[in-house]
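Have a look at run34.tsv below; it lists TSV, C-alpha atoms and all ligand atoms.
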chain	number	residue	atom	x	y	z
A	260	MET	CA	105.97	66.43	94.09
A	261	SER	CA	105.64	64.05	91.17
A	262	ASN	CA	104.10	66.62	88.85
A	263	ALA	CA	106.65	69.33	89.49
A	264	ILE	CA	108.73	70.07	86.40
A	265	GLN	CA	111.14	72.90	86.84
A	266	ASN	CA	110.08	75.17	83.99
A	267	LYS	CA	106.53	73.98	83.44
A	268	VAL	CA	103.95	76.57	82.45
A	269	VAL	CA	100.25	76.23	83.20
A	270	THR	CA	98.03	78.01	80.70
A	271	VAL	CA	94.45	78.93	81.59
A	272	VAL	CA	91.93	79.48	78.79
A	273	GLY	CA	88.17	79.21	78.62
A	274	ALA	CA	86.54	81.52	76.11
A	275	ARG	CA	86.71	81.63	72.33
A	276	PRO	CA	89.13	84.57	71.85
A	277	GLN	CA	91.56	82.99	74.31
A	278	PHE	CA	91.99	79.90	72.15
A	279	ILE	CA	93.20	82.16	69.32
A	280	LYS	CA	95.45	84.27	71.55
A	281	ALA	CA	97.03	81.23	73.23
A	282	ALA	CA	97.64	79.10	70.13
A	283	PRO	CA	100.78	80.91	68.87
A	284	VAL	CA	102.24	80.87	72.39
A	285	SER	CA	101.53	77.16	72.70
A	286	VAL	CA	103.49	76.57	69.47
A	287	ALA	CA	106.37	78.76	70.68
A	288	LEU	CA	106.49	76.95	74.04
A	289	ARG	CA	106.82	73.61	72.25
A	290	LYS	CA	109.62	75.04	70.08
A	291	ALA	CA	111.45	76.19	73.20
A	292	ASP	CA	110.94	72.81	74.94
A	293	ILE	CA	109.00	74.40	77.76
A	294	PRO	CA	106.32	71.97	78.98
A	295	GLU	CA	102.79	73.37	78.96
A	296	TYR	CA	99.84	72.08	80.97
A	297	LEU	CA	96.58	73.49	79.58
A	298	ILE	CA	93.54	74.16	81.75
A	299	HIS	CA	90.27	74.79	79.89
A	300	THR	CA	87.81	76.24	82.36
A	301	GLY	CA	84.85	75.22	80.20
A	302	GLN	CA	83.47	78.80	80.16
A	303	HIS	CA	82.71	78.18	76.47
A	304	TYR	CA	81.49	74.67	75.78
A	305	ASP	CA	79.45	74.56	72.56
A	306	TYR	CA	81.34	72.81	69.76
A	307	GLY	CA	81.34	75.98	67.66
A	308	MET	CA	82.59	78.14	70.54
A	309	SER	CA	85.34	75.80	71.72
A	310	GLN	CA	86.32	72.50	70.05
A	311	ALA	CA	86.08	74.00	66.54
A	312	PHE	CA	89.02	76.23	67.51
A	313	PHE	CA	91.09	73.36	68.85
A	314	ASP	CA	90.48	71.61	65.51
A	315	ASP	CA	91.76	74.60	63.47
A	316	LEU	CA	94.57	75.87	65.69
A	317	GLU	CA	97.73	74.22	67.01
A	318	LEU	CA	96.80	74.95	70.59
A	319	ALA	CA	97.77	72.16	72.99
A	320	THR	CA	94.93	69.77	73.80
A	321	PRO	CA	93.52	70.62	77.24
A	322	ASP	CA	95.04	68.46	79.97
A	323	VAL	CA	91.93	69.16	81.98
A	324	ASN	CA	88.54	70.68	81.17
A	325	LEU	CA	86.92	71.97	84.34
A	326	GLY	CA	83.50	72.11	82.67
A	327	ILE	CA	82.39	75.16	84.64
A	328	GLY	CA	80.06	76.48	81.91
A	329	SER	CA	77.68	79.41	82.21
A	330	GLY	CA	76.15	80.93	85.32
A	331	PHE	CA	75.98	84.04	87.42
A	332	PRO	CA	79.32	85.77	86.83
A	333	GLY	CA	80.44	85.75	90.47
A	334	ARG	CA	79.64	82.10	90.94
A	335	GLN	CA	81.19	81.25	87.56
A	336	THR	CA	84.39	83.10	88.47
A	337	GLY	CA	84.46	81.72	92.01
A	338	THR	CA	83.95	78.12	90.91
A	339	MET	CA	86.74	78.51	88.37
A	340	LEU	CA	89.01	80.03	91.02
A	341	SER	CA	88.57	77.12	93.38
A	342	GLU	CA	89.00	74.46	90.68
A	343	ILE	CA	92.00	76.16	89.07
A	344	GLU	CA	93.64	76.49	92.49
A	345	ALA	CA	93.39	72.73	93.03
A	346	VAL	CA	95.03	72.02	89.68
A	347	LEU	CA	97.80	74.58	90.24
A	348	ALA	CA	98.51	73.18	93.71
A	349	GLU	CA	98.92	69.76	92.15
A	350	GLN	CA	100.89	70.83	89.08
A	351	LYS	CA	103.25	73.28	90.83
A	352	PRO	CA	104.19	75.18	87.66
A	353	ALA	CA	106.98	77.71	87.38
A	354	SER	CA	104.44	80.21	86.07
A	355	VAL	CA	100.82	80.63	85.05
A	356	VAL	CA	99.94	82.21	81.70
A	357	ILE	CA	96.56	83.88	81.22
A	358	TYR	CA	95.02	85.76	78.31
A	359	GLY	CA	92.82	88.78	77.81
A	360	ASP	CA	89.99	89.85	80.05
A	361	THR	CA	87.36	87.18	80.59
A	362	ASN	CA	86.14	85.63	83.82
A	363	SER	CA	88.52	82.74	83.10
A	364	THR	CA	91.41	85.24	83.04
A	365	LEU	CA	90.55	86.73	86.41
A	366	ALA	CA	89.93	83.33	87.98
A	367	GLY	CA	93.34	82.12	86.75
A	368	ALA	CA	95.03	85.25	88.09
A	369	LEU	CA	93.43	84.98	91.54
A	370	ALA	CA	94.14	81.27	91.85
A	371	ALA	CA	97.81	81.81	90.95
A	372	VAL	CA	98.37	84.84	93.16
A	373	LYS	CA	96.89	83.08	96.20
A	374	LEU	CA	99.43	80.29	95.72
A	375	GLY	CA	102.27	82.76	95.18
A	376	LEU	CA	102.84	81.59	91.61
A	377	PRO	CA	104.25	84.05	89.06
A	378	ILE	CA	101.60	85.24	86.60
A	379	CYS	CA	102.18	86.16	82.99
A	380	HIS	CA	99.28	88.18	81.56
A	381	VAL	CA	99.16	88.24	77.78
A	382	GLU	CA	97.29	91.28	76.41
A	383	ALA	CA	98.04	93.37	79.48
A	384	GLY	CA	97.39	97.09	79.78
A	385	LEU	CA	94.17	97.30	77.77
A	386	ARG	CA	91.65	99.79	79.08
A	387	SER	CA	88.23	100.92	77.90
A	388	PHE	CA	87.86	103.17	80.99
A	389	ASN	CA	84.30	101.88	81.22
A	390	ARG	CA	83.84	100.02	84.50
A	391	ALA	CA	80.34	98.95	83.45
A	392	MET	CA	82.05	96.37	81.23
A	393	PRO	CA	82.78	93.18	83.18
A	394	GLU	CA	85.99	92.84	81.15
A	395	GLU	CA	87.34	96.18	82.40
A	396	THR	CA	87.31	95.01	86.03
A	397	ASN	CA	88.84	91.69	84.96
A	398	ARG	CA	91.68	93.52	83.18
A	399	VAL	CA	92.48	95.96	85.95
A	400	LEU	CA	92.50	93.32	88.69
A	401	THR	CA	94.48	90.86	86.57
A	402	ASP	CA	97.14	93.42	85.65
A	403	HIS	CA	97.55	94.44	89.28
A	404	CYS	CA	98.41	90.93	90.37
A	405	SER	CA	100.56	89.94	87.38
A	406	ASP	CA	104.34	89.66	87.39
A	407	LEU	CA	104.96	89.66	83.65
A	408	LEU	CA	102.72	91.99	81.67
A	409	MET	CA	102.86	91.35	77.94
A	410	CYS	CA	101.54	94.45	76.19
A	411	PRO	CA	100.33	94.42	72.59
A	412	THR	CA	100.74	98.18	72.03
A	413	GLU	CA	102.63	101.23	73.31
A	414	ARG	CA	99.35	102.62	74.60
A	415	ALA	CA	98.92	99.52	76.76
A	416	VAL	CA	102.36	100.17	78.29
A	417	ARG	CA	101.37	103.78	78.99
A	418	ASN	CA	98.08	102.69	80.58
A	419	LEU	CA	99.98	100.45	82.99
A	420	ASN	CA	102.51	103.17	83.79
A	421	GLN	CA	99.61	105.50	84.65
A	422	GLU	CA	98.52	102.91	87.23
A	423	ASN	CA	102.08	102.76	88.59
A	424	ILE	CA	102.79	99.38	87.05
A	425	ALA	CA	106.25	99.51	85.50
A	426	SER	CA	108.09	96.40	86.62
A	427	GLY	CA	107.68	93.30	84.46
A	428	VAL	CA	106.05	95.30	81.64
A	429	HIS	CA	107.08	94.22	78.12
A	430	LEU	CA	105.98	95.55	74.75
A	431	VAL	CA	105.75	92.36	72.69
A	432	GLY	CA	103.00	92.93	70.11
A	433	ASP	CA	99.73	91.08	69.68
A	434	THR	CA	99.47	87.31	69.49
A	435	MET	CA	96.25	87.66	67.48
A	436	LEU	CA	98.42	89.19	64.75
A	437	ASP	CA	100.73	86.15	65.04
A	438	ALA	CA	97.69	83.94	64.46
A	439	VAL	CA	96.59	85.96	61.41
A	440	ARG	CA	100.15	85.76	60.03
A	441	VAL	CA	100.32	81.99	60.51
A	442	TYR	CA	96.75	80.97	59.63
A	443	GLY	CA	95.61	83.76	57.26
A	444	GLU	CA	96.88	82.04	54.12
A	445	ARG	CA	95.61	78.63	55.24
A	446	ALA	CA	92.16	80.12	55.85
A	447	GLU	CA	92.25	81.69	52.39
A	448	GLN	CA	92.98	78.31	50.79
A	449	GLN	CA	90.82	76.03	52.92
A	450	SER	CA	87.66	77.97	53.72
A	451	THR	CA	84.81	77.73	51.22
A	452	ILE	CA	82.56	80.08	53.18
A	453	LEU	CA	82.15	82.68	50.41
A	454	SER	CA	80.79	80.14	47.93
A	455	ASP	CA	78.86	78.30	50.69
A	456	LEU	CA	77.02	81.54	51.48
A	457	ASN	CA	76.93	82.67	47.86
A	458	ILE	CA	78.51	86.04	48.60
A	459	ALA	CA	81.14	88.03	46.69
A	460	SER	CA	84.45	89.31	47.98
A	461	ARG	CA	83.97	92.92	49.24
A	462	GLY	CA	80.25	92.61	48.49
A	463	PHE	CA	78.91	92.02	52.00
A	464	ALA	CA	79.00	93.29	55.59
A	465	LEU	CA	80.02	90.98	58.45
A	466	LEU	CA	78.01	91.56	61.65
A	467	THR	CA	78.68	90.25	65.16
A	468	VAL	CA	77.00	91.24	68.45
A	469	HIS	CA	77.64	89.70	71.84
A	470	ARG	CA	78.38	92.44	74.43
A	471	PRO	CA	75.88	92.44	77.30
A	472	SER	CA	75.43	96.21	76.71
A	473	ASN	CA	73.92	95.32	73.32
A	474	THR	CA	72.40	91.86	73.83
A	475	ASP	CA	70.75	92.58	77.19
A	476	GLU	CA	69.29	95.92	76.05
A	477	PRO	CA	66.54	95.16	73.50
A	478	GLU	CA	66.57	98.73	72.17
A	479	ASN	CA	70.29	98.57	71.41
A	480	LEU	CA	69.99	95.19	69.70
A	481	ARG	CA	67.01	96.46	67.69
A	482	ALA	CA	68.92	99.62	66.64
A	483	ILE	CA	71.80	97.47	65.38
A	484	LEU	CA	69.51	95.15	63.43
A	485	GLU	CA	67.56	98.08	61.96
A	486	ALA	CA	70.87	99.40	60.65
A	487	ALA	CA	71.81	95.99	59.26
A	488	VAL	CA	68.61	95.70	57.24
A	489	GLU	CA	69.03	99.28	55.96
A	490	LEU	CA	72.48	98.66	54.50
A	491	ASP	CA	72.55	98.31	50.73
A	492	MET	CA	74.52	95.07	50.83
A	493	PRO	CA	74.00	91.54	52.14
A	494	VAL	CA	74.84	91.05	55.81
A	495	VAL	CA	76.43	87.87	57.19
A	496	PHE	CA	75.58	87.50	60.88
A	497	PRO	CA	77.08	84.60	62.85
A	498	ILE	CA	75.15	84.57	66.12
A	499	HIS	CA	76.96	84.23	69.44
A	500	PRO	CA	74.94	81.96	71.79
A	501	ARG	CA	74.39	84.89	74.17
A	502	THR	CA	72.60	86.78	71.36
A	503	ARG	CA	70.27	84.02	70.21
A	504	ALA	CA	67.52	84.37	72.84
A	505	PRO	CA	67.33	88.20	72.76
A	506	LEU	CA	67.24	88.07	68.97
A	507	GLU	CA	64.34	85.63	69.03
A	508	GLY	CA	62.58	87.87	71.55
A	509	LEU	CA	62.65	90.89	69.18
A	510	SER	CA	59.72	91.47	66.87
A	511	GLY	CA	60.59	92.67	63.38
A	512	ALA	CA	61.58	89.45	61.62
A	513	TYR	CA	65.15	90.68	61.22
A	514	THR	CA	66.52	87.24	60.47
A	515	GLU	CA	64.14	86.84	57.50
A	516	LYS	CA	64.84	90.38	56.25
A	517	LEU	CA	68.60	89.81	56.33
A	518	ALA	CA	68.23	86.48	54.52
A	519	ARG	CA	66.00	88.09	51.84
A	520	SER	CA	68.68	90.69	51.09
A	521	GLY	CA	71.15	87.92	50.22
A	522	GLY	CA	72.77	87.71	53.63
A	523	ALA	CA	72.79	84.91	56.16
A	524	VAL	CA	72.08	84.50	59.85
A	525	ILE	CA	74.19	81.54	60.90
A	526	ASP	CA	75.69	79.66	63.83
A	527	PRO	CA	79.11	80.68	65.21
A	528	LEU	CA	81.90	79.98	62.74
A	529	GLY	CA	85.29	78.35	63.09
A	530	TYR	CA	88.48	80.39	62.96
A	531	PHE	CA	89.34	79.83	59.31
A	532	ASP	CA	85.87	80.72	58.01
A	533	MET	CA	85.87	83.82	60.19
A	534	LEU	CA	89.29	84.91	58.94
A	535	LYS	CA	88.14	84.48	55.36
A	536	LEU	CA	84.98	86.53	55.96
A	537	LEU	CA	87.00	89.21	57.74
A	538	ARG	CA	89.42	89.51	54.83
A	539	HIS	CA	86.70	89.65	52.17
A	540	ALA	CA	84.03	91.76	53.89
A	541	ALA	CA	83.40	95.28	52.59
A	542	VAL	CA	82.96	96.31	56.22
A	543	VAL	CA	82.82	94.66	59.64
A	544	LEU	CA	80.12	95.74	62.12
A	545	THR	CA	80.96	94.48	65.58
A	546	ASP	CA	81.08	95.00	69.33
A	547	SER	CA	83.87	92.47	69.77
A	548	GLY	CA	87.37	93.56	70.78
A	549	GLY	CA	89.15	90.83	68.84
A	550	LEU	CA	87.32	91.42	65.56
A	551	GLN	CA	88.20	95.12	65.57
A	552	LYS	CA	91.86	94.12	65.56
A	553	GLU	CA	91.53	91.24	63.12
A	554	ALA	CA	89.69	93.52	60.65
A	555	TYR	CA	92.57	95.99	61.02
A	556	PHE	CA	95.24	93.34	60.44
A	557	LEU	CA	93.40	92.28	57.27
A	558	ALA	CA	92.87	95.88	56.04
A	559	THR	CA	89.07	95.70	56.28
A	560	PRO	CA	87.15	98.77	57.53
A	561	CYS	CA	85.36	98.34	60.84
A	562	VAL	CA	82.41	100.06	62.50
A	563	THR	CA	82.30	99.42	66.24
A	564	MET	CA	78.90	99.48	67.89
A	565	ARG	CA	80.06	100.50	71.34
A	566	ASP	CA	80.64	103.84	72.99
A	567	GLU	CA	84.37	103.30	73.41
A	568	THR	CA	87.17	100.93	72.47
A	569	GLU	CA	90.36	99.56	73.99
A	570	TRP	CA	91.91	99.58	70.52
A	571	LEU	CA	92.15	103.33	69.89
A	572	GLU	CA	95.02	102.78	67.45
A	573	THR	CA	92.55	101.30	64.96
A	574	VAL	CA	90.36	104.42	65.27
A	575	GLU	CA	93.21	106.96	65.09
A	576	SER	CA	94.48	105.41	61.88
A	577	GLY	CA	91.02	105.76	60.30
A	578	TRP	CA	90.24	102.02	59.96
A	579	ASN	CA	87.67	101.84	62.74
A	580	ARG	CA	84.70	104.11	63.52
A	581	ILE	CA	83.12	104.12	66.98
A	582	VAL	CA	79.41	104.77	66.67
A	583	GLY	CA	77.53	103.17	69.54
A	584	PRO	CA	74.34	101.17	69.01
A	585	SER	CA	72.52	103.84	66.96
A	586	THR	CA	70.81	103.05	63.64
A	587	PRO	CA	71.55	106.37	61.86
A	588	ALA	CA	75.13	106.48	63.17
A	589	ILE	CA	75.86	102.93	61.98
A	590	VAL	CA	74.29	103.51	58.56
A	591	GLU	CA	76.14	106.82	58.17
A	592	ALA	CA	79.50	105.33	59.20
A	593	VAL	CA	79.16	102.53	56.64
A	594	GLY	CA	77.76	104.75	53.86
A	595	ARG	CA	80.29	107.56	54.25
A	596	GLY	CA	82.98	105.43	52.65
A	597	ASP	CA	86.34	107.30	52.42
A	598	TRP	CA	88.22	104.57	54.28
A	599	PRO	CA	92.05	104.65	54.20
A	600	ASP	CA	93.92	102.95	51.35
A	601	GLY	CA	96.68	100.37	51.53
A	602	ASN	CA	97.80	98.54	54.63
A	603	PRO	CA	97.17	99.83	58.14
A	604	PRO	CA	100.26	100.94	60.09
A	605	ALA	CA	102.04	98.15	62.00
A	606	LEU	CA	101.08	99.21	65.53
A	607	PHE	CA	100.63	95.70	66.98
A	608	GLY	CA	104.13	94.29	66.52
A	609	ASP	CA	105.49	92.19	63.67
A	610	GLY	CA	103.47	88.99	64.10
A	611	HIS	CA	106.10	87.31	66.27
A	612	ALA	CA	104.82	88.28	69.71
A	613	ALA	CA	104.60	84.67	70.88
A	614	ASP	CA	108.34	84.05	70.41
A	615	LEU	CA	109.13	87.15	72.44
A	616	ILE	CA	106.69	86.11	75.18
A	617	VAL	CA	108.25	82.67	75.47
A	618	GLU	CA	111.76	84.13	75.48
A	619	ILE	CA	110.78	86.42	78.37
A	620	ILE	CA	109.02	83.62	80.27
A	621	GLY	CA	112.08	81.37	79.76
A	622	SER	CA	114.55	83.98	80.95
A	623	SER	CA	112.51	84.99	83.99
A	624	GLU	CA	112.59	81.54	85.57
A	701	LIG	C1	82.83	85.99	77.17
A	701	LIG	C2	83.72	87.09	77.76
A	701	LIG	C3	83.89	88.19	76.73
A	701	LIG	C4	84.38	87.63	75.42
A	701	LIG	C5	83.44	86.56	74.95
A	701	LIG	C6	83.88	85.94	73.66
A	701	LIG	C7	83.50	87.41	80.19
A	701	LIG	C8	82.99	88.32	81.25
A	701	LIG	N1	83.13	87.71	78.94
A	701	LIG	O1	81.55	86.55	76.96
A	701	LIG	O2	84.84	89.12	77.21
A	701	LIG	O3	84.42	88.68	74.47
A	701	LIG	O4	83.38	85.54	75.95
A	701	LIG	O5	82.89	85.12	73.15
A	701	LIG	O6	84.20	86.48	80.48
A	701	LIG	N2	76.91	80.32	75.81
A	701	LIG	C9	76.55	79.12	75.22
A	701	LIG	N3	77.55	78.29	74.80
A	701	LIG	C10	78.86	78.60	74.91
A	701	LIG	C11	79.22	79.83	75.52
A	701	LIG	C12	78.24	80.67	75.95
A	701	LIG	O7	75.40	78.80	75.07
A	701	LIG	O8	79.70	77.79	74.48
A	701	LIG	C13	75.84	81.25	76.24
A	701	LIG	C14	75.27	80.95	77.58
A	701	LIG	O9	73.94	81.22	77.51
A	701	LIG	C15	75.95	81.95	78.49
A	701	LIG	C16	76.14	83.14	77.55
A	701	LIG	O10	76.35	82.56	76.27
A	701	LIG	O11	75.17	82.23	79.58
A	701	LIG	C17	77.30	84.00	77.93
A	701	LIG	O12	78.50	83.24	77.98
A	701	LIG	P1	79.74	83.73	78.88
A	701	LIG	O13	80.89	82.86	78.65
A	701	LIG	O14	79.33	83.98	80.27
A	701	LIG	O15	80.07	85.16	78.31
A	701	LIG	P2	80.25	85.64	76.82
A	701	LIG	O16	79.13	86.56	76.52
A	701	LIG	O17	80.52	84.53	75.87
Target format structure tokens, applied to this file:
Amino acid sequence: MSNAIQNKVVTVVGARPQFIKAAPVSVALRKADIPEYLIHTGQHYDYGMSQAFFDDLELATPDVNLGIGSGFPGRQTGTMLSEIEAVLAEQKPASVVIYGDTNSTLAGALAAVKLGLPICHVEAGLRSFNRAMPEETNRVLTDHCSDLLMCPTERAVRNLNQENIASGVHLVGDTMLDAVRVYGERAEQQSTILSDLNIASRGFALLTVHRPSNTDEPENLRAILEAAVELDMPVVFPIHPRTRAPLEGLSGAYTEKLARSGGAVIDPLGYFDMLKLLRHAAVVLTDSGGLQKEAYFLATPCVTMRDETEWLETVESGWNRIVGPSTPAIVEAVGRGDWPDGNPPALFGDGHAADLIVEIIGSSE
């Protein structure tokens, strides 16, 4: 077929964290002269959730944006599956590379496996052991149909081994660490977010909330916001689009209270501004998986407002505290202080995971 290039890779991305995870691999593929065709499913479509990241990062420009957008999760995943399949059938790549645990990941995996195309899953082996999380099902199913499983940590390798997945498993490190290594300094120089928001380095808390378990449960969201207004420091709260409506539905004028204490409730931020805030926050309060790691890479303490985490390494080393969405627990975890000193142990590779991934992809063809 006209589009068939012997070693071509098709990458599937769609949601904000995937743009960050895929960018270092995109750069490494170009360095290795491996052609990449990028499918954006359109799962995230607001400028601040999508294009802002393409502007900051050296991720390839999407060759196609499927524009699937939001919807019921089954229909969203199914529509992606059918559209991705059509593109893969046309492109006939040597392999399909997918990232993380979103509906775009699972759709990419299913489309590829149905066509018998080799799948490379980056960030394989993560487990929260909580099947109520949509991401947990996405991870398990994706890993079980992948051929190359690129693990960020030794624990991820062990998780796969426990599910009898041993072949094709590689410990490569975390491509989000690659991105922090490459872009951290640039963010430091270019972002003016601290002065824009009039906040001091190590003088504020950074808050993010977007997990359905917190956004779709008003009591959990309220408990988190009660904690935020109780903290004795300004809170910067970039709001994920999923969180906006439930936040507006809560009585309590939390947005005004946070603003009065010197903080800011703002739209989603680009990658560089977020990196700068992560580096300079006194503490990060989050339910995101990616931010737990990025805080760790930047030696910033983290309090995770979930009942479990996939990133136990960050907890075991003392840099992350798992508290669940409970006001007293969050306030206590922040107030207790006694965070570790120095730099966190290097448990996520050396910041060159993408080169290893591309080497393995290249040698497996
Ligand atoms: C998705 C991923 C989650 C990841 C997160 C990062 C799944 C199951 N979840 O969650 O693992 O941590 O992305 O952000 O794939 N919306 C907009 N504009 C956008 C994107 C979303 O308005 O650009 C709103 C829509 O109302 C949508 C809601 O956010 O219904 C949820 O979006 P969706 O992509 O389904 O899931 P996320 O919560 O973003």
How many Å separate CA of Leu456 (chain A) from CA of Ile498 (chain A)?
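So the answer is 15.1 Å.
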Could you list, as a ChimeraX atom specification, all residues that come within 10 Å of ligand LIG 701 (chain A)? Count only C-alpha atoms and all ligand atoms.
/A:273-277,301-310,327-333,335-336,359-366,392-397,468-471,474,499-504,527,546-550
Best match for closeness to Lys535 (chain A) among A:Phe388, A:Tyr442, A:Tyr296, A:Phe313, counting only C-alpha atoms
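Answer, going by the shortest atom-to-atom distance: A:Tyr442.
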Taking into account only C-alpha atoms, which residue in the set A:Thr451, A:Thr563, A:Thr270, A:Ser354 is nearest to Ala588 (chain A)?
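The closest residue to Ala588 (chain A) is A:Thr563.
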Extract, using all atoms listed in the file, all DNA, RNA and protein residues at most 10 Å from Ser576 (chain A), discarding same-chain residues fewer than 6 positions from it, and format them as a ChimeraX atom specification.
/A:555,598-599,603-604,606
Nearest to Val372 (chain A) by atom-to-atom distance, counting all atoms listed in the file, from A:Arg414, A:Arg580, A:Arg565, A:His403:
A:His403
Distance in Å - CA of Ser520 (chain A) versus CA of Leu466 (chain A):
14.1 Å
So, counting all atoms listed in the file, which residue among A:Ala311, A:Val428, A:Leu453, A:Leu297 is closest to Leu325 (chain A)?
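Among the listed residues, the smallest separation from Leu325 (chain A) belongs to A:Leu297.
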With distances taken over all atoms listed in the file, which residue among A:Glu295, A:Asp491, A:Glu444, A:Asp532 lies nearest Lys351 (chain A)?
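Between A:Glu295, A:Asp491, A:Glu444, A:Asp532, the residue approaching Lys351 (chain A) most closely is A:Glu295.
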For CA of Asn324 (chain A) and CA of Val355 (chain A), determine how far apart the two atoms are, in Å to one decimal place.
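Separation of CA of Asn324 (chain A) and CA of Val355 (chain A): 16.3 Å.
The closest residue to Val356 (chain A), picked from A:Val381, A:Ala459, A:Leu369, A:Leu376 and counting all atoms listed in the file, is A:Val381.
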Tell me, as an MDAnalysis selection string, which residues lie within 12 Å of Glu478 (chain A), counting only C-alpha atoms; anything in the same chain fewer than 3 positions away does not count.
chainID A and resid 472:475 481:485 505:506 508:510 584:586
For the residues in that selection, give me C-alpha atoms as a PDB file, keeping the file's coordinate frame.
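Result file is part.pdb:
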ATOM      1  CA  SER A 472      75.430  96.210  76.710  1.00  0.00           C
ATOM      2  CA  ASN A 473      73.920  95.320  73.320  1.00  0.00           C
ATOM      3  CA  THR A 474      72.400  91.860  73.830  1.00  0.00           C
ATOM      4  CA  ASP A 475      70.750  92.580  77.190  1.00  0.00           C
ATOM      5  CA  ARG A 481      67.010  96.460  67.690  1.00  0.00           C
ATOM      6  CA  ALA A 482      68.920  99.620  66.640  1.00  0.00           C
ATOM      7  CA  ILE A 483      71.800  97.470  65.380  1.00  0.00           C
ATOM      8  CA  LEU A 484      69.510  95.150  63.430  1.00  0.00           C
ATOM      9  CA  GLU A 485      67.560  98.080  61.960  1.00  0.00           C
ATOM     10  CA  PRO A 505      67.330  88.200  72.760  1.00  0.00           C
ATOM     11  CA  LEU A 506      67.240  88.070  68.970  1.00  0.00           C
ATOM     12  CA  GLY A 508      62.580  87.870  71.550  1.00  0.00           C
ATOM     13  CA  LEU A 509      62.650  90.890  69.180  1.00  0.00           C
ATOM     14  CA  SER A 510      59.720  91.470  66.870  1.00  0.00           C
ATOM     15  CA  PRO A 584      74.340 101.170  69.010  1.00  0.00           C
ATOM     16  CA  SER A 585      72.520 103.840  66.960  1.00  0.00           C
ATOM     17  CA  THR A 586      70.810 103.050  63.640  1.00  0.00           C
TER      18      THR A 586
END
